[in-house]
Each structure stands twice: as C-alpha cells, then as structure tokens.
Amino acid sequence: MGRIFLKSGLAALSALVASVLFAHAVVPFFGGVVDGNAWLILTICPLMIAWPASAFAFWQGGHLKNAHSDLTREHAQLAAAHRSLLEKASRDNMTGMLNRESFFAALDGSRRKVDRGALLIIDADHFKKINDSFGHLTGDAALLEISAAITRAIRSGDILGRIGGEEFGAFLVGASDKEATRVAERIRIEVELIRFQPVDARTVPLTVSIGGTSCATDATISELMRVADKRLYDAKRRGRNLAILEAVISAAA
C-alpha cells in the first residue's frame with residue numbers, strides 16, 4: 001500500500017508540474033496573468049484529482065496483475081491435472097503399463113515414424129491354475145512380478161502394455177530380427193528366474209510363452225497381431241516357456 005501511495009504521489013506531482021508549465025505557456029498567450037488564485041487552482045486541482053485517481057489506477061493495476069498471476073497459476077495447475085488424468089487413463093491400474101487401447105495407439109504412432117521393429121505377445125503360462133489354487137490376490141501379485149520382469153528385460157524406448165488379463169504386448173522400436181530374439185529370450189529368462197512364494201515358503205514357478213514377428217513396412221497392426229498370436233500358440237503347443245520369432249525358437253535349457 002505504501003508503494004501505491006508513493007507512486008500516486010509522484011504521479012500527482014508530475015501532474016502539478018505539467019499543469020504549471022502548461023498555464024505559464026498558454027495563459028500569457030491569450031493575454032492572461034497567472035496570479036495568486038491561479039496558482040492556488042494550479043496547485044490544488046492536480047493534487048486533489050491526480051493523486052486519488054492515480055492511486056486507484058495503481059491499486060486496480062496491481063489487483064489485475066495479481067488476478068492474472070492467479071489465473072496463470074490455476075491454468076498451469078489445470079493443465080497439469082489434465083495431463084495427469086490423460087496419463088492415468090492410458091495406464092493399466094495394476095501394472096502401470098499402457099492399457100490395451102493406448103498400447104496399440106502408441107504402436108501405430110511409432111510405426112508411422114520408424115518402419116523397422118518387432119512385435120512380441122507375452123502370455124503367462126498356467127495362470128488360471130495360480131488363481132484357482134491361491135486366489136486372485138495371489139494371481140495379481142504374480143502378474144506384478146511378471147510385469148516387473150518384462151519391464152527389466154526390454155530396452156529403453158520400447159513400448160510395453162498389458163493387452164489382456166495375463167497377456168502383455170511389447171513393440172521393440174527399430175529392432176532387427178536378432179535384437180528381437182535376444183530381447184524375447186531375455187524376457188523369458190527374467191520371468192523364469194522369479195522365485196515366487198505366495199504361501200509357506202513354497203516356490204511357485206512362473207514362466208511365459210512369447211510369440212513375435214518382425215514388422216513389415218506395409219503390414220497392418222491386425223496382421224502383425226495375427227502372426228504374433230499364431231507364434232504364441234505354437235509356443236504354447238510346444239510345451240510353453242518358449243519364445244518363437246520368425247523361424248527362431250528359444251527354449252528353456
């Protein structure tokens with residue numbers, strides 16, 4: 001408030017000086033004389049009018065500036081909340097991975113930028129047996145272990161999502177056939193190494209089967225999924241705990 005008082009006082013003083021200078025320049029031009037009464041008017045009027053008017057203007061300007069700052073801050077908070085909601089809506093609640101819709105949207109967006117890559121479909125083996133034997137809460141804990149192992153095994157920049165109950169998708173951006181095979185095998189081994197002990201310190205084995213395909217430039221997502229699913233079925237049929245990509249078969253030792 002003191003700052004507003006000082007600024008408005010300077011404004012009033014400037015108005016007083018301007019008024020005096022103007023009177024001295026204009027009044028004699030019309031043959032008038034600046035006498036005592038004129039001096040009084042030239043002094044009092046600027047102080048009585050300019051000071052309160054400028055004080056109100058400075059106060060209002062400060063108020064508007066604060067309101068603008070508050071609005072800017074609230075807008076930034078709203079934008080951050082909106083981004084957070086979008087991020088949350090795109091994620092699977094349990095694993096934190098992309099959900100099915102967001103995974104395929106990200107896959108489509110990535111393929112528009114980079115032609116080469118590989119799609120992996122990863123499915124937990126005998127998962128219904130875990131749910132039936134130990135309950136769904138234990139099944140959820142097993143899924144979290146598996147999802148963490150998959151996350152550790154993929155490369156930075158790859159796209160990962162939960163696309164079904166116990167099924168995951170990984171798009172290996174720009175990966176060659178050899179790179180895709182190495183990543184798929186790394187995923188399989190990471191899951192196999194899990195020591196999952198839901199009750200009584202008894203270890204329950206966790207494994208995954210993986211089907212994959214290289215991404216041809218003109219292939220649609222539906223075509224890639226069909227090929228990867230077929231190879232996933234082959235892995236299940238051949239005994240599970242396998243990764244099958246193209247003609248390469250990776251099996252447990």
# chains A, B, ... in the order shown; residues from 1 in each chain; ligands from 1
$ residues_around --residues "region 117-123 of chain A" --least-positions-apart "2" --cutoff "6 Å" --atoms "only C-alpha atoms" --output "list in words"
Glu166, Glu167, Phe168, Gly169, Ala170, Phe171, Leu172, Val173, Gly174, Ala175, Val208, Ser209, Ile210, Gly211, Gly212, Thr213, Ser214 and Cys215 of chain A
$ write_last_selection --atoms "N, CA and C atoms" --output "PDB file, in the first residue's frame"
ATOM      1  N   GLU A 166      -3.705 -61.725 -18.550  1.00  0.00           N
ATOM      2  CA  GLU A 166      -2.326 -62.105 -18.259  1.00  0.00           C
ATOM      3  C   GLU A 166      -1.470 -62.048 -19.517  1.00  0.00           C
ATOM      4  N   GLU A 167      -1.866 -61.183 -20.437  1.00  0.00           N
ATOM      5  CA  GLU A 167      -1.172 -61.068 -21.720  1.00  0.00           C
ATOM      6  C   GLU A 167      -0.599 -59.661 -21.873  1.00  0.00           C
ATOM      7  N   PHE A 168       0.638 -59.603 -22.337  1.00  0.00           N
ATOM      8  CA  PHE A 168       1.342 -58.335 -22.493  1.00  0.00           C
ATOM      9  C   PHE A 168       1.827 -58.195 -23.932  1.00  0.00           C
ATOM     10  N   GLY A 169       1.945 -56.946 -24.357  1.00  0.00           N
ATOM     11  CA  GLY A 169       2.489 -56.657 -25.674  1.00  0.00           C
ATOM     12  C   GLY A 169       3.721 -55.784 -25.555  1.00  0.00           C
ATOM     13  N   ALA A 170       4.722 -56.058 -26.374  1.00  0.00           N
ATOM     14  CA  ALA A 170       5.930 -55.236 -26.402  1.00  0.00           C
ATOM     15  C   ALA A 170       6.274 -54.951 -27.857  1.00  0.00           C
ATOM     16  N   PHE A 171       6.415 -53.668 -28.174  1.00  0.00           N
ATOM     17  CA  PHE A 171       6.875 -53.293 -29.506  1.00  0.00           C
ATOM     18  C   PHE A 171       8.307 -52.811 -29.382  1.00  0.00           C
ATOM     19  N   LEU A 172       9.212 -53.530 -30.029  1.00  0.00           N
ATOM     20  CA  LEU A 172      10.645 -53.232 -29.952  1.00  0.00           C
ATOM     21  C   LEU A 172      10.991 -52.301 -31.100  1.00  0.00           C
ATOM     22  N   VAL A 173      11.039 -51.024 -30.805  1.00  0.00           N
ATOM     23  CA  VAL A 173      11.186 -49.992 -31.834  1.00  0.00           C
ATOM     24  C   VAL A 173      12.524 -50.135 -32.548  1.00  0.00           C
ATOM     25  N   GLY A 174      12.457 -50.304 -33.871  1.00  0.00           N
ATOM     26  CA  GLY A 174      13.667 -50.349 -34.692  1.00  0.00           C
ATOM     27  C   GLY A 174      14.491 -51.610 -34.545  1.00  0.00           C
ATOM     28  N   ALA A 175      13.984 -52.610 -33.843  1.00  0.00           N
ATOM     29  CA  ALA A 175      14.776 -53.811 -33.576  1.00  0.00           C
ATOM     30  C   ALA A 175      14.912 -54.679 -34.819  1.00  0.00           C
ATOM     31  N   VAL A 208       6.600 -67.634 -19.013  1.00  0.00           N
ATOM     32  CA  VAL A 208       5.783 -67.023 -20.066  1.00  0.00           C
ATOM     33  C   VAL A 208       6.102 -67.682 -21.397  1.00  0.00           C
ATOM     34  N   SER A 209       5.111 -67.645 -22.261  1.00  0.00           N
ATOM     35  CA  SER A 209       5.307 -68.025 -23.658  1.00  0.00           C
ATOM     36  C   SER A 209       5.232 -66.760 -24.491  1.00  0.00           C
ATOM     37  N   ILE A 210       6.059 -66.704 -25.528  1.00  0.00           N
ATOM     38  CA  ILE A 210       6.178 -65.475 -26.315  1.00  0.00           C
ATOM     39  C   ILE A 210       6.082 -65.802 -27.801  1.00  0.00           C
ATOM     40  N   GLY A 211       5.248 -65.054 -28.485  1.00  0.00           N
ATOM     41  CA  GLY A 211       5.191 -65.122 -29.938  1.00  0.00           C
ATOM     42  C   GLY A 211       5.521 -63.759 -30.506  1.00  0.00           C
ATOM     43  N   GLY A 212       6.273 -63.732 -31.583  1.00  0.00           N
ATOM     44  CA  GLY A 212       6.677 -62.438 -32.126  1.00  0.00           C
ATOM     45  C   GLY A 212       6.850 -62.458 -33.626  1.00  0.00           C
ATOM     46  N   THR A 213       6.894 -61.260 -34.162  1.00  0.00           N
ATOM     47  CA  THR A 213       7.095 -61.116 -35.600  1.00  0.00           C
ATOM     48  C   THR A 213       7.779 -59.798 -35.900  1.00  0.00           C
ATOM     49  N   SER A 214       8.595 -59.816 -36.940  1.00  0.00           N
ATOM     50  CA  SER A 214       9.148 -58.560 -37.438  1.00  0.00           C
ATOM     51  C   SER A 214       8.055 -57.767 -38.119  1.00  0.00           C
ATOM     52  N   CYS A 215       8.195 -56.463 -38.127  1.00  0.00           N
ATOM     53  CA  CYS A 215       7.144 -55.596 -38.664  1.00  0.00           C
ATOM     54  C   CYS A 215       7.472 -55.198 -40.100  1.00  0.00           C
TER      55      CYS A 215
END
$ atom_distance --atom1 "CA of Asp140 (chain A)" --atom2 "CA of Met94 (chain A)"
8.0 Å
$ closest_residue --among "A:Asn241, A:Ser90, A:Thr138, A:Thr220" --to "Phe103 (chain A)" --atoms "only C-alpha atoms"
A:Ser90
$ select_by_dssp --residues "region 132-161 of chain A" --states "helix (DSSP H, G or I)" --output "MDAnalysis selection string"
chainID A and resid 132:134 136:153
$ closest_residue --among "A:Asp115, A:Glu74, A:Glu185, A:Asp108" --to "Ile154 (chain A)" --atoms "only C-alpha atoms"
A:Glu185
$ closest_residue --among "A:Ala105, A:Thr151, A:Leu160, A:Pro198" --to "Asp92 (chain A)" --atoms "only C-alpha atoms"
A:Leu160
$ residues_around --residues "Gly139 (chain A)" --least-positions-apart "5" --cutoff "10 Å" --atoms "only C-alpha atoms" --output "PyMOL selection string"
chain A and resi 127-134+144-145+166+198
$ closest_residue --among "A:Asp158, A:Arg202, A:Arg231, A:Arg152" --to "Ala106 (chain A)" --atoms "only C-alpha atoms"
A:Asp158
$ atom_distance --atom1 "CA of Ala153 (chain A)" --atom2 "CA of Ile187 (chain A)"
5.1 Å
$ atom_distance --atom1 "CA of Arg186 (chain A)" --atom2 "CA of Arg111 (chain A)"
23.4 Å
$ closest_residue --among "A:Ile194, A:Leu143, A:Ile150, A:Ile163" --to "Met225 (chain A)" --atoms "only C-alpha atoms"
A:Ile163
$ select_by_dssp --residues "region 209-242 of chain A" --states "strand (DSSP E)" --output "PyMOL selection string"
chain A and resi 209-214+242
$ closest_residue --among "A:Leu193, A:Ala141, A:Ala228, A:Leu206" --to "Arg240 (chain A)" --atoms "only C-alpha atoms"
A:Leu206
$ decode --residues "region 84-115 of chain A" --atoms "N, CA and C atoms" --output "mmCIF file, in the first residue's frame"
data_model
loop_
_atom_site.group_PDB
_atom_site.id
_atom_site.type_symbol
_atom_site.label_atom_id
_atom_site.label_comp_id
_atom_site.auth_asym_id
_atom_site.auth_seq_id
_atom_site.Cartn_x
_atom_site.Cartn_y
_atom_site.Cartn_z
ATOM 1 N N SER A 84 -2.224 -35.311 -16.135
ATOM 2 C CA SER A 84 -2.196 -36.429 -15.203
ATOM 3 C C SER A 84 -3.368 -37.372 -15.424
ATOM 4 N N LEU A 85 -4.552 -36.795 -15.685
ATOM 5 C CA LEU A 85 -5.728 -37.626 -15.948
ATOM 6 C C LEU A 85 -5.578 -38.412 -17.246
ATOM 7 N N LEU A 86 -5.032 -37.749 -18.263
ATOM 8 C CA LEU A 86 -4.812 -38.452 -19.526
ATOM 9 C C LEU A 86 -3.820 -39.593 -19.350
ATOM 10 N N GLU A 87 -2.757 -39.312 -18.584
ATOM 11 C CA GLU A 87 -1.748 -40.344 -18.327
ATOM 12 C C GLU A 87 -2.367 -41.505 -17.559
ATOM 13 N N LYS A 88 -3.164 -41.170 -16.535
ATOM 14 C CA LYS A 88 -3.792 -42.211 -15.730
ATOM 15 C C LYS A 88 -4.770 -43.024 -16.569
ATOM 16 N N ALA A 89 -5.510 -42.349 -17.445
ATOM 17 C CA ALA A 89 -6.488 -43.043 -18.281
ATOM 18 C C ALA A 89 -5.825 -43.967 -19.289
ATOM 19 N N SER A 90 -4.563 -43.687 -19.624
ATOM 20 C CA SER A 90 -3.866 -44.509 -20.619
ATOM 21 C C SER A 90 -3.141 -45.690 -19.993
ATOM 22 N N ARG A 91 -3.158 -45.791 -18.656
ATOM 23 C CA ARG A 91 -2.383 -46.816 -17.957
ATOM 24 C C ARG A 91 -3.272 -47.902 -17.357
ATOM 25 N N ASP A 92 -2.711 -49.089 -17.306
ATOM 26 C CA ASP A 92 -3.349 -50.188 -16.599
ATOM 27 C C ASP A 92 -3.232 -49.930 -15.103
ATOM 28 N N ASN A 93 -4.338 -50.051 -14.389
ATOM 29 C CA ASN A 93 -4.355 -49.679 -12.972
ATOM 30 C C ASN A 93 -3.404 -50.511 -12.122
ATOM 31 N N MET A 94 -3.258 -51.770 -12.444
ATOM 32 C CA MET A 94 -2.468 -52.646 -11.590
ATOM 33 C C MET A 94 -0.972 -52.581 -11.905
ATOM 34 N N THR A 95 -0.605 -52.720 -13.159
ATOM 35 C CA THR A 95 0.811 -52.820 -13.525
ATOM 36 C C THR A 95 1.456 -51.478 -13.843
ATOM 37 N N GLY A 96 0.642 -50.478 -14.170
ATOM 38 C CA GLY A 96 1.193 -49.185 -14.576
ATOM 39 C C GLY A 96 1.630 -49.147 -16.022
ATOM 40 N N MET A 97 1.517 -50.276 -16.716
ATOM 41 C CA MET A 97 1.838 -50.300 -18.151
ATOM 42 C C MET A 97 0.729 -49.602 -18.942
ATOM 43 N N LEU A 98 0.994 -49.351 -20.211
ATOM 44 C CA LEU A 98 -0.068 -48.854 -21.078
ATOM 45 C C LEU A 98 -1.201 -49.873 -21.124
ATOM 46 N N ASN A 99 -2.441 -49.381 -21.159
ATOM 47 C CA ASN A 99 -3.545 -50.309 -21.344
ATOM 48 C C ASN A 99 -3.644 -50.700 -22.821
ATOM 49 N N ARG A 100 -4.570 -51.585 -23.136
ATOM 50 C CA ARG A 100 -4.634 -52.156 -24.482
ATOM 51 C C ARG A 100 -4.800 -51.073 -25.545
ATOM 52 N N GLU A 101 -5.779 -50.191 -25.358
ATOM 53 C CA GLU A 101 -6.051 -49.150 -26.352
ATOM 54 C C GLU A 101 -4.849 -48.228 -26.541
ATOM 55 N N SER A 102 -4.233 -47.824 -25.431
ATOM 56 C CA SER A 102 -3.090 -46.909 -25.516
ATOM 57 C C SER A 102 -1.869 -47.598 -26.118
ATOM 58 N N PHE A 103 -1.702 -48.888 -25.827
ATOM 59 C CA PHE A 103 -0.569 -49.622 -26.398
ATOM 60 C C PHE A 103 -0.656 -49.643 -27.919
ATOM 61 N N PHE A 104 -1.817 -49.980 -28.445
ATOM 62 C CA PHE A 104 -1.942 -50.067 -29.901
ATOM 63 C C PHE A 104 -1.902 -48.681 -30.555
ATOM 64 N N ALA A 105 -2.382 -47.670 -29.840
ATOM 65 C CA ALA A 105 -2.253 -46.303 -30.364
ATOM 66 C C ALA A 105 -0.787 -45.899 -30.427
ATOM 67 N N ALA A 106 -0.024 -46.234 -29.377
ATOM 68 C CA ALA A 106 1.408 -45.920 -29.366
ATOM 69 C C ALA A 106 2.153 -46.725 -30.422
ATOM 70 N N LEU A 107 1.752 -47.982 -30.602
ATOM 71 C CA LEU A 107 2.357 -48.831 -31.633
ATOM 72 C C LEU A 107 2.121 -48.236 -33.019
ATOM 73 N N ASP A 108 0.899 -47.809 -33.274
ATOM 74 C CA ASP A 108 0.573 -47.209 -34.565
ATOM 75 C C ASP A 108 1.370 -45.922 -34.779
ATOM 76 N N GLY A 109 1.449 -45.082 -33.741
ATOM 77 C CA GLY A 109 2.205 -43.833 -33.859
ATOM 78 C C GLY A 109 3.680 -44.076 -34.091
ATOM 79 N N SER A 110 4.243 -45.091 -33.419
ATOM 80 C CA SER A 110 5.671 -45.389 -33.590
ATOM 81 C C SER A 110 5.956 -45.910 -34.984
ATOM 82 N N ARG A 111 5.067 -46.744 -35.519
ATOM 83 C CA ARG A 111 5.298 -47.326 -36.845
ATOM 84 C C ARG A 111 5.206 -46.274 -37.954
ATOM 85 N N ARG A 112 4.513 -45.195 -37.684
ATOM 86 C CA ARG A 112 4.452 -44.102 -38.660
ATOM 87 C C ARG A 112 5.800 -43.384 -38.760
ATOM 88 N N LYS A 113 6.601 -43.464 -37.679
ATOM 89 C CA LYS A 113 7.893 -42.790 -37.660
ATOM 90 C C LYS A 113 9.038 -43.734 -38.028
ATOM 91 N N VAL A 114 8.954 -44.979 -37.541
ATOM 92 C CA VAL A 114 10.028 -45.949 -37.760
ATOM 93 C C VAL A 114 9.424 -47.220 -38.328
ATOM 94 N N ASP A 115 9.861 -47.609 -39.508
ATOM 95 C CA ASP A 115 9.298 -48.792 -40.149
ATOM 96 C C ASP A 115 9.730 -50.087 -39.466
#
